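Asker: File follows, data_28.cif with mmCIF, C-alpha atoms:
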```
data_work
#
loop_
_atom_site.label_atom_id
_atom_site.label_comp_id
_atom_site.auth_asym_id
_atom_site.auth_seq_id
_atom_site.Cartn_x
_atom_site.Cartn_y
_atom_site.Cartn_z
CA MET A 1 296.36 -159.28 3.00
CA LYS A 2 295.40 -156.21 1.01
CA SER A 3 291.96 -155.86 2.60
CA ARG A 4 293.41 -155.24 6.09
CA PRO A 5 294.95 -151.78 5.30
CA ARG A 6 291.73 -150.74 3.62
CA ARG A 7 289.81 -151.59 6.74
CA ALA A 8 292.25 -149.64 8.84
CA SER A 9 291.88 -146.53 6.69
CA LEU A 10 288.12 -146.67 7.02
CA SER A 11 288.44 -146.88 10.79
CA TYR A 12 290.74 -143.85 10.87
CA LEU A 13 288.25 -141.89 8.74
CA CYS A 14 285.37 -142.70 11.13
CA LEU A 15 287.46 -141.56 14.08
CA ILE A 16 288.21 -138.26 12.34
CA VAL A 17 284.48 -137.66 11.63
CA LEU A 18 283.53 -138.46 15.23
CA ALA A 19 286.17 -136.07 16.51
CA ALA A 20 284.88 -133.30 14.29
CA CYS A 21 281.27 -133.81 15.47
CA SER A 22 282.29 -133.64 19.11
CA LYS A 23 283.48 -129.98 18.83
CA PRO A 24 281.03 -127.42 20.45
CA ALA A 25 278.90 -125.22 18.10
CA PRO A 26 279.99 -121.54 17.84
CA PRO A 27 277.88 -119.06 19.90
CA PRO A 28 275.14 -117.10 18.05
CA PRO A 29 276.09 -113.58 16.95
CA THR A 30 275.23 -110.68 19.27
CA PRO A 31 271.93 -109.13 18.12
CA GLN A 32 272.07 -105.58 16.82
CA VAL A 33 269.49 -103.09 18.08
CA SER A 34 268.89 -99.39 17.53
CA VAL A 35 268.53 -97.18 20.59
CA VAL A 36 267.67 -93.61 21.56
CA LYS A 37 269.05 -91.80 24.58
CA VAL A 38 266.18 -90.16 26.45
CA GLN A 39 266.28 -86.96 28.44
CA MET A 40 263.74 -85.53 30.88
CA GLN A 41 261.85 -82.62 29.32
CA SER A 42 258.61 -80.64 29.20
CA VAL A 43 256.08 -81.31 26.45
CA PRO A 44 252.72 -79.73 25.51
CA LEU A 45 249.70 -81.21 27.27
CA GLU A 46 247.07 -81.46 24.53
CA ARG A 47 243.72 -83.19 24.23
CA GLN A 48 241.58 -83.68 21.15
CA PHE A 49 237.78 -83.35 21.17
CA VAL A 50 234.88 -83.18 18.77
CA GLY A 51 232.83 -80.01 19.09
CA ARG A 52 229.74 -78.45 17.53
CA LEU A 53 229.58 -74.84 16.44
CA SER A 54 226.84 -72.48 17.57
CA ALA A 55 226.14 -68.81 16.93
CA TYR A 56 227.43 -66.16 19.31
CA TYR A 57 223.96 -64.60 19.33
CA SER A 58 220.81 -66.28 18.04
CA ALA A 59 217.37 -64.65 18.15
CA ASN A 60 214.05 -66.05 16.93
CA VAL A 61 211.99 -63.38 15.21
CA THR A 62 208.34 -64.11 16.07
CA ALA A 63 204.99 -62.43 15.55
CA ARG A 64 203.91 -60.46 18.62
CA VAL A 65 200.46 -59.57 17.30
CA SER A 66 197.93 -61.48 15.19
CA GLY A 67 197.13 -60.63 11.61
CA VAL A 68 197.90 -61.21 7.95
CA LEU A 69 201.55 -61.05 6.97
CA LEU A 70 201.81 -58.41 4.24
CA ARG A 71 205.42 -58.55 3.08
CA ARG A 72 209.04 -59.43 3.80
CA ASN A 73 211.44 -56.48 3.76
CA TYR A 74 214.88 -58.14 3.77
CA THR A 75 216.95 -60.49 1.61
CA GLU A 76 217.22 -63.97 3.06
CA GLY A 77 220.74 -64.77 4.21
CA SER A 78 221.83 -61.13 4.27
CA GLN A 79 223.31 -59.03 7.03
CA VAL A 80 220.71 -57.02 8.96
CA ARG A 81 221.03 -54.38 11.67
CA ALA A 82 219.38 -54.28 15.06
CA GLY A 83 216.05 -52.47 14.61
CA GLN A 84 215.89 -53.05 10.84
CA LEU A 85 212.40 -53.76 9.47
CA LEU A 86 212.03 -57.41 8.48
CA PHE A 87 208.26 -58.07 8.13
CA GLU A 88 205.01 -56.11 8.06
CA ILE A 89 201.70 -57.38 9.51
CA ASP A 90 198.41 -55.81 8.44
CA PRO A 91 198.08 -52.77 10.79
CA VAL A 92 194.46 -51.74 9.95
CA PHE A 93 192.84 -53.26 13.03
CA TYR A 94 195.50 -51.98 15.43
CA ARG A 95 195.43 -48.48 13.95
CA ALA A 96 191.63 -48.37 14.40
CA GLN A 97 192.00 -49.62 17.96
CA LEU A 98 194.52 -46.89 18.70
CA ASN A 99 192.24 -44.20 17.26
CA ASN A 100 189.31 -45.47 19.33
CA ASP A 101 191.36 -45.40 22.54
CA ILE A 102 192.58 -41.88 21.76
CA ALA A 103 188.96 -40.74 21.34
CA LEU A 104 187.97 -42.34 24.66
CA LEU A 105 190.90 -40.61 26.31
CA ALA A 106 189.79 -37.22 24.94
CA GLU A 107 186.24 -37.80 26.17
CA ASP A 108 187.37 -38.75 29.65
CA GLN A 109 189.79 -35.84 29.78
CA ALA A 110 186.87 -33.46 29.08
CA THR A 111 184.83 -35.10 31.84
CA TYR A 112 187.75 -34.75 34.23
CA VAL A 113 188.11 -31.03 33.46
CA ASN A 114 184.39 -30.48 34.11
CA ASP A 115 184.49 -32.45 37.38
CA ARG A 116 187.60 -30.59 38.51
CA ILE A 117 185.95 -27.18 37.89
CA THR A 118 182.79 -28.27 39.75
CA ALA A 119 184.81 -29.50 42.70
CA GLU A 120 186.78 -26.23 42.92
CA ARG A 121 183.53 -24.17 42.80
CA ASN A 122 181.91 -26.20 45.57
CA ARG A 123 184.97 -25.86 47.78
CA LYS A 124 184.72 -22.05 47.45
CA LEU A 125 180.97 -22.02 48.27
CA LEU A 126 181.28 -24.24 51.33
CA PRO A 127 182.53 -21.44 53.72
CA VAL A 128 179.54 -19.17 52.94
CA GLY A 129 177.06 -22.02 53.39
CA SER A 130 175.82 -22.09 49.79
CA VAL A 131 176.54 -25.85 49.50
CA SER A 132 176.66 -28.67 51.98
CA GLN A 133 179.69 -30.69 52.98
CA GLN A 134 178.14 -33.72 51.29
CA THR A 135 178.00 -31.88 47.99
CA VAL A 136 181.68 -30.94 48.29
CA ASP A 137 182.63 -34.53 49.11
CA ASN A 138 180.68 -35.87 46.13
CA SER A 139 182.26 -33.39 43.75
CA ASP A 140 185.77 -34.23 45.05
CA ALA A 141 185.10 -37.97 44.56
CA ALA A 142 183.86 -37.35 41.03
CA GLU A 143 187.04 -35.41 40.26
CA ARG A 144 189.27 -38.20 41.54
CA SER A 145 187.30 -40.84 39.64
CA ALA A 146 187.57 -38.86 36.41
CA ALA A 147 191.33 -38.44 36.93
CA ALA A 148 191.76 -42.20 37.46
CA LYS A 149 189.80 -42.94 34.30
CA VAL A 150 192.05 -40.59 32.33
CA LYS A 151 195.08 -42.53 33.60
CA ALA A 152 193.48 -45.81 32.51
CA ASP A 153 192.70 -44.40 29.11
CA GLU A 154 196.29 -43.21 28.70
CA ALA A 155 197.48 -46.75 29.44
CA LEU A 156 195.07 -48.15 26.83
CA VAL A 157 196.37 -45.68 24.27
CA GLU A 158 199.95 -46.68 25.04
CA SER A 159 199.07 -50.39 24.74
CA ALA A 160 197.32 -49.81 21.42
CA ARG A 161 200.31 -47.85 20.16
CA VAL A 162 202.67 -50.71 21.15
CA SER A 163 200.45 -53.24 19.36
CA LEU A 164 200.47 -51.07 16.27
CA ASN A 165 204.28 -50.87 16.41
CA TYR A 166 204.44 -54.66 16.67
CA THR A 167 202.92 -54.90 13.19
CA ARG A 168 206.35 -53.75 12.00
CA VAL A 169 208.58 -56.71 12.91
CA THR A 170 212.19 -55.59 13.36
CA SER A 171 215.45 -57.44 14.00
CA PRO A 172 216.32 -57.69 17.72
CA ILE A 173 220.08 -58.04 17.02
CA THR A 174 222.62 -57.41 14.30
CA GLY A 175 223.44 -60.57 12.37
CA ILE A 176 222.56 -62.81 9.44
CA ALA A 177 218.82 -63.14 8.80
CA GLY A 178 217.83 -66.64 7.79
CA GLN A 179 215.12 -68.06 5.58
CA GLN A 180 211.57 -66.84 6.17
CA GLN A 181 209.34 -69.45 7.76
CA VAL A 182 205.98 -67.91 6.75
CA THR A 183 205.12 -66.41 3.38
CA ALA A 184 203.19 -63.22 2.71
CA GLY A 185 199.42 -63.72 2.93
CA ALA A 186 199.57 -66.19 5.79
CA VAL A 187 197.86 -65.47 9.08
CA VAL A 188 200.29 -65.22 11.98
CA GLY A 189 199.47 -65.08 15.65
CA THR A 190 200.80 -64.73 19.15
CA SER A 191 199.97 -68.27 20.30
CA THR A 192 200.59 -71.39 18.18
CA SER A 193 200.96 -75.03 19.12
CA ASP A 194 204.14 -75.56 17.08
CA THR A 195 206.05 -72.93 19.04
CA GLY A 196 204.92 -74.06 22.48
CA GLY A 197 202.58 -71.14 23.06
CA GLY A 198 204.79 -68.38 21.60
CA GLY A 199 204.24 -66.31 18.52
CA THR A 200 204.57 -67.62 14.98
CA LEU A 201 208.24 -68.02 14.06
CA LEU A 202 209.03 -65.77 11.10
CA THR A 203 212.82 -66.16 10.80
CA THR A 204 216.02 -66.40 12.84
CA VAL A 205 218.83 -63.86 13.09
CA GLN A 206 222.26 -65.14 14.11
CA GLN A 207 225.55 -63.43 14.79
CA ILE A 208 228.32 -65.78 13.64
CA ASP A 209 231.41 -63.67 14.23
CA PRO A 210 232.71 -64.78 16.67
CA MET A 211 231.43 -68.35 17.08
CA TYR A 212 231.03 -70.70 20.01
CA VAL A 213 232.38 -74.27 19.92
CA ASN A 214 230.66 -76.55 22.44
CA PHE A 215 232.33 -79.79 23.54
CA THR A 216 232.63 -82.04 26.58
CA ILE A 217 235.40 -83.64 28.60
CA SER A 218 234.91 -86.78 30.66
CA SER A 219 235.02 -86.39 34.40
CA ALA A 220 237.71 -89.11 34.56
CA ASP A 221 239.98 -87.22 32.16
CA LEU A 222 239.42 -84.00 34.08
CA ALA A 223 240.28 -85.75 37.34
CA THR A 224 243.52 -87.01 35.78
CA LEU A 225 244.46 -83.49 34.73
CA GLN A 226 243.68 -82.14 38.20
CA GLU A 227 245.73 -84.88 39.87
CA SER A 228 248.67 -84.13 37.61
CA GLN A 229 248.34 -80.44 38.42
CA SER A 230 248.36 -81.08 42.16
CA ALA A 231 251.39 -83.36 41.76
CA GLY A 232 253.27 -80.59 40.02
CA SER A 233 253.81 -82.45 36.74
CA VAL A 234 251.31 -80.36 34.78
CA ASN A 235 251.05 -76.59 34.35
CA LEU A 236 247.42 -75.95 33.37
CA GLN A 237 246.47 -72.80 31.52
CA GLN A 238 243.83 -70.50 32.94
CA GLN A 239 240.45 -70.03 31.30
CA ASN A 240 240.45 -67.36 28.56
CA GLN A 241 244.18 -68.10 28.09
CA THR A 242 243.91 -71.70 26.95
CA PRO A 243 244.42 -71.88 23.16
CA VAL A 244 242.14 -74.09 21.08
CA LYS A 245 243.02 -75.20 17.54
CA ILE A 246 240.14 -75.90 15.15
CA GLY A 247 240.11 -78.64 12.51
CA LEU A 248 237.52 -78.40 9.71
CA PRO A 249 235.40 -81.35 8.50
CA ASN A 250 237.64 -81.74 5.42
CA ARG A 251 240.58 -82.40 7.78
CA THR A 252 242.24 -79.05 7.13
CA SER A 253 243.22 -76.60 9.82
CA TYR A 254 241.03 -73.55 10.32
CA GLY A 255 244.08 -71.40 10.84
CA THR A 256 242.76 -69.11 13.56
CA ALA A 257 243.00 -70.44 17.09
CA GLY A 258 240.28 -69.81 19.65
CA THR A 259 240.34 -69.64 23.42
CA LEU A 260 238.57 -71.58 26.15
CA ASP A 261 235.57 -69.44 27.09
CA PHE A 262 233.51 -71.44 29.59
CA SER A 263 233.77 -74.56 31.74
CA ASP A 264 230.79 -75.87 33.66
CA VAL A 265 230.94 -76.80 37.34
CA THR A 266 228.37 -79.60 37.08
CA VAL A 267 228.85 -83.13 35.73
CA ASN A 268 226.09 -84.40 33.47
CA ALA A 269 224.55 -87.32 35.37
CA ALA A 270 223.58 -89.14 32.15
CA THR A 271 226.93 -88.90 30.31
CA GLY A 272 229.45 -88.31 33.10
CA ALA A 273 230.88 -85.39 31.09
CA ILE A 274 231.47 -81.72 31.75
CA ASN A 275 230.46 -79.04 29.27
CA LEU A 276 233.17 -76.79 27.88
CA ARG A 277 233.00 -73.98 25.34
CA ALA A 278 235.53 -72.18 23.18
CA LEU A 279 235.29 -68.83 21.39
CA VAL A 280 236.79 -68.40 17.91
CA ALA A 281 236.78 -65.52 15.44
CA ASN A 282 234.92 -66.06 12.16
CA PRO A 283 235.33 -62.94 10.01
CA GLN A 284 235.12 -64.84 6.70
CA ARG A 285 232.10 -66.94 7.78
CA ARG A 286 233.89 -70.22 7.07
CA LEU A 287 232.40 -71.63 10.27
CA LEU A 288 228.66 -72.20 10.32
CA PRO A 289 226.29 -73.01 13.20
CA GLY A 290 225.69 -76.74 13.60
CA MET A 291 229.00 -77.76 11.97
CA TYR A 292 231.06 -80.46 13.71
CA VAL A 293 234.78 -79.73 14.06
CA THR A 294 237.76 -81.27 15.81
CA LEU A 295 239.49 -79.35 18.57
CA THR A 296 242.99 -79.59 19.96
CA VAL A 297 243.07 -77.93 23.36
CA ASP A 298 246.40 -76.92 24.88
CA PHE A 299 246.06 -77.34 28.64
CA GLY A 300 249.63 -76.18 29.29
CA GLN A 301 252.80 -78.23 29.73
CA ARG A 302 253.58 -81.63 31.16
CA ASN A 303 256.89 -81.41 33.01
CA ASN A 304 259.52 -84.01 33.91
CA VAL A 305 258.55 -86.61 31.31
CA PHE A 306 260.29 -88.63 28.60
CA LEU A 307 259.40 -89.14 24.94
CA ILE A 308 260.04 -92.51 23.33
CA PRO A 309 259.08 -93.76 19.86
CA GLN A 310 255.86 -95.72 19.82
CA GLN A 311 257.46 -99.02 18.68
CA ALA A 312 259.79 -98.98 21.69
CA LEU A 313 256.92 -99.52 24.13
CA GLN A 314 255.85 -103.11 24.85
CA ARG A 315 252.96 -104.42 26.92
CA ASP A 316 252.30 -107.72 28.65
CA THR A 317 250.17 -108.97 31.53
CA VAL A 318 252.26 -106.98 34.00
CA GLY A 319 251.90 -103.70 32.14
CA ALA A 320 253.87 -101.38 29.89
CA PHE A 321 257.65 -101.76 29.71
CA VAL A 322 260.69 -100.88 27.60
CA MET A 323 264.03 -102.59 27.09
CA VAL A 324 267.07 -100.45 27.83
CA VAL A 325 270.78 -101.09 27.42
CA GLY A 326 272.72 -101.25 30.67
CA ALA A 327 276.30 -100.18 31.30
CA ASP A 328 277.55 -103.66 30.38
CA ASN A 329 275.70 -103.60 27.04
CA LYS A 330 273.11 -106.04 28.34
CA ALA A 331 269.37 -105.62 27.84
CA VAL A 332 267.38 -104.66 30.94
CA ARG A 333 263.61 -104.46 31.31
CA LYS A 334 262.08 -101.33 32.86
CA ASP A 335 258.40 -101.04 33.73
CA VAL A 336 257.01 -97.62 32.84
CA ASP A 337 253.83 -95.53 32.95
CA ALA A 338 252.83 -94.33 29.48
CA ASN A 339 249.18 -93.43 29.08
CA ASP A 340 249.41 -90.47 26.67
CA SER A 341 250.99 -89.93 23.28
CA LEU A 342 252.40 -86.90 21.50
CA GLY A 343 252.72 -87.25 17.74
CA ASN A 344 254.49 -90.56 17.12
CA ASN A 345 255.94 -90.79 20.62
CA TRP A 346 254.68 -92.13 23.91
CA VAL A 347 254.87 -89.81 26.93
CA VAL A 348 256.52 -91.72 29.80
CA THR A 349 255.87 -90.26 33.25
CA ARG A 350 257.58 -92.92 35.39
CA GLY A 351 260.17 -95.67 35.07
CA LEU A 352 263.00 -94.03 33.11
CA ALA A 353 266.02 -91.92 34.04
CA ASP A 354 268.10 -89.33 32.22
CA GLY A 355 270.52 -90.95 29.80
CA ASP A 356 268.71 -94.29 29.50
CA GLU A 357 269.29 -95.92 26.10
CA VAL A 358 265.91 -97.29 25.07
CA ILE A 359 265.81 -100.03 22.44
CA VAL A 360 263.57 -99.00 19.56
CA THR A 361 264.08 -101.63 16.86
CA GLY A 362 265.29 -105.14 17.44
CA VAL A 363 263.33 -105.49 20.67
CA GLN A 364 262.23 -109.00 19.66
CA MET A 365 265.87 -110.15 19.48
CA ALA A 366 266.86 -108.58 22.81
CA ARG A 367 266.64 -110.86 25.81
CA GLU A 368 266.84 -109.57 29.36
CA GLY A 369 270.35 -110.06 30.67
CA ALA A 370 271.77 -110.87 27.24
CA GLY A 371 274.29 -108.69 25.44
CA VAL A 372 273.35 -106.53 22.48
CA LYS A 373 275.15 -104.43 19.91
CA THR A 374 273.76 -100.90 19.65
CA VAL A 375 273.45 -98.34 16.89
CA ALA A 376 271.78 -94.95 16.96
CA TRP A 377 268.11 -95.03 15.92
CA GLN A 378 267.01 -92.64 13.19
CA PRO A 379 263.37 -91.68 12.48
CA PRO A 380 262.10 -93.12 9.20
CA PRO A 381 261.64 -90.80 6.21
CA ALA A 382 258.36 -89.11 5.41
CA ALA A 383 255.30 -91.35 5.18
CA SER A 384 254.87 -90.31 1.54
CA ALA A 385 257.81 -92.51 0.54
CA PRO A 386 256.34 -95.97 -0.19
CA ALA A 387 259.64 -97.73 0.51
CA ALA A 388 260.00 -96.27 3.98
CA ALA A 389 258.78 -99.43 5.70
CA SER A 390 261.39 -101.59 3.89
CA ALA A 391 264.38 -99.34 4.56
CA PRO A 392 267.56 -101.27 5.48
CA ALA A 393 268.89 -101.32 9.01
CA PRO A 394 271.09 -98.32 9.92
CA ALA A 395 274.82 -98.70 9.75
CA PRO A 396 276.68 -99.23 13.04
CA ALA A 397 277.64 -96.03 14.81
CA SER A 398 281.09 -95.27 16.09
CA SER A 399 279.76 -95.26 19.68
CA THR A 400 276.72 -96.63 21.47
CA ALA A 401 275.36 -93.18 22.39
CA ALA A 402 272.17 -92.21 20.55
CA ALA A 403 270.58 -88.79 19.94
CA PRO A 404 267.97 -87.90 22.60
CA VAL A 405 264.29 -87.77 21.65
CA SER A 406 262.78 -84.29 22.03
CA ALA A 407 259.44 -82.65 21.38
CA ALA A 408 260.86 -81.19 18.16
CA SER A 409 261.89 -84.59 16.85
CA SER A 410 258.45 -85.88 17.79
CA ALA A 411 256.84 -83.34 15.51
CA SER A 412 259.11 -84.30 12.60
CA ALA A 413 258.71 -88.06 13.02
CA SER A 414 256.80 -89.88 10.33
CA ALA A 415 253.11 -90.52 10.81
CA GLY A 416 253.58 -93.93 9.20
CA MET A 417 255.95 -95.21 11.87
CA ALA A 418 255.42 -98.92 12.58
CA HIS A 419 253.75 -99.76 15.88
#
```
Show this structure as structure tokens.
Answerer:
Amino acid sequence: MKSRPRRASLSYLCLIVLAACSKPAPPPPTPQVSVVKVQMQSVPLERQFVGRLSAYYSANVTARVSGVLLRRNYTEGSQVRAGQLLFEIDPVFYRAQLNNDIALLAEDQATYVNDRITAERNRKLLPVGSVSQQTVDNSDAAERSAAAKVKADEALVESARVSLNYTRVTSPITGIAGQQQVTAGAVVGTSTSDTGGGGTLLTTVQQIDPMYVNFTISSADLATLQESQSAGSVNLQQQNQTPVKIGLPNRTSYGTAGTLDFSDVTVNAATGAINLRALVANPQRRLLPGMYVTLTVDFGQRNNVFLIPQQALQRDTVGAFVMVVGADNKAVRKDVDANDSLGNNWVVTRGLADGDEVIVTGVQMAREGAGVKTVAWQPPPAASAPAAASAPAPAPASSTAAAPVSAASSASASAGMAH
């Protein structure tokens, strides 16, 4: 009789457990995400390139006459003036040639004077019949021939004098004279195989203040800029007004900005690129010809765009998209166009509207059509702080509105932002 109540209590216990298991599970908590409120704005339109420096003026100093090089008259690597003597070639032969031509000129001048006097005498005797017309004609021809020979001799003298002057090799421009290519005692000439038929290269003089920076832009990128300009979303600077920032090989800024100096009108058929050139001052000679530098070219402003943090942008097989918070606090997908970046932000040209709250962190937990709890997103601290990546989630804000992203906040955002 005692076993029956025990069995009844066990039955009641099973019924209680079954009733407890039949209750529905509580709903999962609403995911918390951080958002930024975006506003339409204008941002700088910049492109980065790699360029190579070249001298503003560069002149090869070559031998223009043949002979033995006697001496060098400048310090290698020093500043020289236009017309300054750089080298001397043995002038003995050319001085002798000049003296010989001067003597020939004097001889022919004497002959011309004699022929001229004879011709004048014959012309006076012709009316009285003392000489024939043939004699007068012959004397006139001799005078003209002697005069022509004097002219030829004068030209030979001038040529010999020029050759003699060429034995003193001077600088064609003002600039920095480089290393000598031929030592004293060597024979130099006006035609050598290593210079393609020109004179022997003695040195090079270059003017490096200012400097040219040569670089290229792809035709596709240029077409994109032109399309944006025609659509009114880009305000391109004019040539000679477009600023160019220079970055040195050690990744430091040069400090002095240049300007766009030249843009070609022909596309290179081999590379599909267009040649561009910038001009930059170089008073301290920190820039040297042949050096590779990085350039940041400001092509103007891109208008009517949005800036969003890089981690807010997602991509799938359809394309780029962001998740935004709708009026009912539900996540909504928006497809966007974002092909350029500025600092740590993407530049969105289509797909967003003023006041959209874009989800930055917590995107993985947000599901389209599902509710979310929002807090204002804050840029992470400087990249120098090692614990920046493990910073705790921001505290909930009093309202769902978040501070808009601007070009200024883009510049202050950390370079170590997670992608």
Asker: Would you list the contacts of Ala152 (chain A) as a VMD selection string, taking every protein, DNA or RNA residue within 10 Å and counting all atoms listed in the file, but skipping same-chain residues closer than 6 positions in sequence?
Answerer: chain A and resid 105 108 146 158
Asker: Please report the interatomic distance between CA of Pro172 (chain A) and CA of Gly185 (chain A) in Å with one decimal.
Answerer: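 Computing the Euclidean distance for CA of Pro172 (chain A) and CA of Gly185 (chain A) yields 23.3 Å.
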Asker: Let me know the residues the PyMOL selection byres ((chain A and resi 249) around 7) catches in the file above, as a PDB file with C-alpha atoms, in the frame of the given file.
Answerer:
```
ATOM      1  CA  GLY A 247     240.110 -78.640  12.510  1.00  0.00           C
ATOM      2  CA  LEU A 248     237.520 -78.400   9.710  1.00  0.00           C
ATOM      3  CA  ASN A 250     237.640 -81.740   5.420  1.00  0.00           C
ATOM      4  CA  ARG A 251     240.580 -82.400   7.780  1.00  0.00           C
ATOM      5  CA  TYR A 292     231.060 -80.460  13.710  1.00  0.00           C
ATOM      6  CA  VAL A 293     234.780 -79.730  14.060  1.00  0.00           C
TER       7      VAL A 293
END
```
Asker: Calculated over all atoms listed in the file, which of the candidates A:Gln284, A:Asn114, A:Gln97, A:Thr204 has the smallest distance to Gly77 (chain A)?
Answerer: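 Closest to Gly77 (chain A) of all the choices is A:Thr204.
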Asker: Please indicate the distance in Å from CA of Pro28 (chain A) to CA of Asn329 (chain A), rounded to one decimal place.
Answerer: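 Between CA of Pro28 (chain A) and CA of Asn329 (chain A) the gap works out to 16.2 Å.
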Asker: For this file, the PyMOL selection byres ((chain A and resi 80-85) around 9) selects which residues, as a list in words?
Answerer: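 Taken over the shown coordinates, the PyMOL selection byres ((chain A and resi 80-85) around 9) returns Arg72, Asn73, Tyr74, Thr75, Ser78, Gln79, Leu86, Phe87, Glu88, Arg168, Val169, Thr170, Ser171, Pro172, Ile173, Thr174, Gly175, Ile176, Ala177 and Val205 of chain A.
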Asker: Would you output that residue set with C-alpha atoms, as a compact mmCIF listing (two decimals), in the coordinates of the input?
Answerer:
```txt
# COMPACT_ATOMS: atom_id res chain seq x y z
CA ARG A 72 209.04 -59.43 3.80
CA ASN A 73 211.44 -56.48 3.76
CA TYR A 74 214.88 -58.14 3.77
CA THR A 75 216.95 -60.49 1.61
CA SER A 78 221.83 -61.13 4.27
CA GLN A 79 223.31 -59.03 7.03
CA LEU A 86 212.03 -57.41 8.48
CA PHE A 87 208.26 -58.07 8.13
CA GLU A 88 205.01 -56.11 8.06
CA ARG A 168 206.35 -53.75 12.00
CA VAL A 169 208.58 -56.71 12.91
CA THR A 170 212.19 -55.59 13.36
CA SER A 171 215.45 -57.44 14.00
CA PRO A 172 216.32 -57.69 17.72
CA ILE A 173 220.08 -58.04 17.02
CA THR A 174 222.62 -57.41 14.30
CA GLY A 175 223.44 -60.57 12.37
CA ILE A 176 222.56 -62.81 9.44
CA ALA A 177 218.82 -63.14 8.80
CA VAL A 205 218.83 -63.86 13.09
```
Asker: When you draw a straight line from CA of Gly189 (chain A) to CA of Ala96 (chain A), how long is it in Å?
Answerer: 18.5 Å
Asker: I need the residue set behind the PyMOL selection byres ((chain A and resi 51) around 9) for this file; please write it as a PDB file with C-alpha atoms, keeping the file's coordinate frame.
Answerer:
```pdb
ATOM      1  CA  PHE A  49     237.780 -83.350  21.170  1.00  0.00           C
ATOM      2  CA  VAL A  50     234.880 -83.180  18.770  1.00  0.00           C
ATOM      3  CA  ARG A  52     229.740 -78.450  17.530  1.00  0.00           C
ATOM      4  CA  LEU A  53     229.580 -74.840  16.440  1.00  0.00           C
ATOM      5  CA  VAL A 213     232.380 -74.270  19.920  1.00  0.00           C
ATOM      6  CA  ASN A 214     230.660 -76.550  22.440  1.00  0.00           C
ATOM      7  CA  PHE A 215     232.330 -79.790  23.540  1.00  0.00           C
ATOM      8  CA  THR A 216     232.630 -82.040  26.580  1.00  0.00           C
ATOM      9  CA  ARG A 277     233.000 -73.980  25.340  1.00  0.00           C
ATOM     10  CA  MET A 291     229.000 -77.760  11.970  1.00  0.00           C
ATOM     11  CA  TYR A 292     231.060 -80.460  13.710  1.00  0.00           C
ATOM     12  CA  VAL A 293     234.780 -79.730  14.060  1.00  0.00           C
ATOM     13  CA  THR A 294     237.760 -81.270  15.810  1.00  0.00           C
ATOM     14  CA  LEU A 295     239.490 -79.350  18.570  1.00  0.00           C
TER      15      LEU A 295
END
```
Asker: Would you pick out the contacts of Gly199 (chain A) at 8 Å or less, using only C-alpha atoms, so that residues sharing its chain but fewer than 4 positions from it are not included, and give the list as a ChimeraX atom specification?
Answerer: /A:62-65,188-192,195
Asker: Could you check the closest approach to Gly272 (chain A) for each of A:Ala338, A:Gly290, A:Ile217, A:Thr256 and tell me which residue wins, using all atoms listed in the file?
Answerer: A:Ile217
Asker: Which one is closest to Ser139 (chain A): A:Ile117, A:Leu98, A:Ala257, A:Leu222? Count only C-alpha atoms.
Answerer: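 Of A:Ile117, A:Leu98, A:Ala257, A:Leu222, the one nearest Ser139 (chain A) is A:Ile117, counting only C-alpha atoms.
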Asker: Between A:Pro289, A:Pro243, A:Pro31, A:Gly371, which residue has the minimum interatomic distance to Gly326 (chain A), considering all atoms listed in the file?
Answerer: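 For Gly326 (chain A), the nearest of the candidates is A:Gly371.
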